[in-house]
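Heads up: the structure comes next, in structure tokens.
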Amino acid sequence: ALEDYARFKAEDSLPADSKEITLGDQDLFKLLIGDRVLKKDLKSSTGKIALYSANVFHPMGYLEQSNIQDFTKPSILWGIDGNFELRNIPPGEKFATTDNCGTIQILSDKIVPEYLLYAIYLRKEEESFDRSFRASLSNISRFTVTIPVDKNSDFDVQIQREIATQFITMQQKKENLARLKAQLDNSLNRYLHIT
């Protein structure tokens with residue numbers, strides 16, 4: 001799986017015909033930042049809307065209302081502070097964000113969300129956002145990604161889907177390996193404590 005992942009990253013998986021776009025292009029994306037929410041504010045909340053902060057995979061808590069109004073478009077969450085983590089949110093799924101979490105709403109149906117996630121991951125390695133160089137709204141709006149285009153210079157949805165499928169497969173293999181490694185580490189630790 002590691003060899004497959006390394007080969008996938010090494011291959012030039014972007015077709016020759018492609019164009020660079022910025023995430024700040026308001027015809028294609030809407031960028032949002034959440035509101036300041038403290039843990040103490042969540043103690044009395046009985047809401048069911050997941051609230052994401054710098055960790056985009058595990059909710060910080062739950063709210064009655066979201067800072068986001070439109071859930072008809074797919075979104076990508078990004079963690080502003082920390083390791084610049086990314087996560088897809090499908091259309092229709094309600095969520096809320098703090099001021100440590102940004103949202104990229106994809107306005108064009110010609111941009112495949114899973115492909116955009118892949119394209120951001122590719123650039124993420126070059127940008128090296130961290131606590132000192134934050135993935136702030138202004139920095140993200142200038143962030144460029146490459147999207148394949150067809151012979152008419154329109155975004156090529158089919159090529160995006162093919163690349164996204166490969167990317168998702170590689171990500172799943174990586175996650176499975178990480179899970180197996182954690183299990184092996186736990187087993188080894190238990191064995192060492194016994195002996």
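Ligands are numbered from 1 in the order shown, residues from 1 within each chain, and chains are lettered A, B, ... in the order they appear in the structure tokens.
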Return as a ChimeraX atom specification the full set of residues in stretch 5-195 of chain A whose backbone-based DSSP assignment is strand (DSSP E). /A:18-22,29-33,49-52,61-63,75-79,86-89,95-97,101-106,144-148
Have a look at A:Ile120, A:Ile80, A:Met60, A:Val112 and name the one nearest to A:Leu32; count only C-alpha atoms.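 Among A:Ile120, A:Ile80, A:Met60, A:Val112, it is A:Ile80 that comes nearest to A:Leu32.
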Pick out each residue of chain A that DSSP on the backbone tags as helix (DSSP H, G or I); I need them as number ranges by chain. A: 2-10, 39-42, 113-127, 137-141, 157-194
From the list A:Ile68, A:Leu42, A:Ile111, A:Ala54, which residue is nearest A:Asp27 when using only C-alpha atoms?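 Closest candidate: A:Ile111.
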Just want the 12 Å neighbourhood of A:Asp41, counted on only C-alpha atoms, with same-chain residues fewer than 6 positions away dropped. Output as a PyMOL selection string. chain A and resi 47+51+60-64+98
Identify, on the basis of only C-alpha atoms, every residue whose closest approach to A:Ser53 does not exceed 6 Å; exclude the query and any residue fewer than 2 positions from it along the same chain; express the result as JSON, numbers by chain. {"A": [55, 97, 98, 100, 101]}
Tell me which protein, DNA and RNA residues are within 7 Å of A:Lys19, counting only C-alpha atoms, leaving out same-chain ones fewer than 6 positions away, and put them as a PyMOL selection string. chain A and resi 146-149
Which residues, written as an MDAnalysis selection string, have at least one atom at most 12 Å from A:Tyr118, with only C-alpha atoms counted and residues fewer than 5 positions away on the same chain left out? chainID A and resid 8:9 13:14 76 86:88 111:113 123:125 145:147 160:171
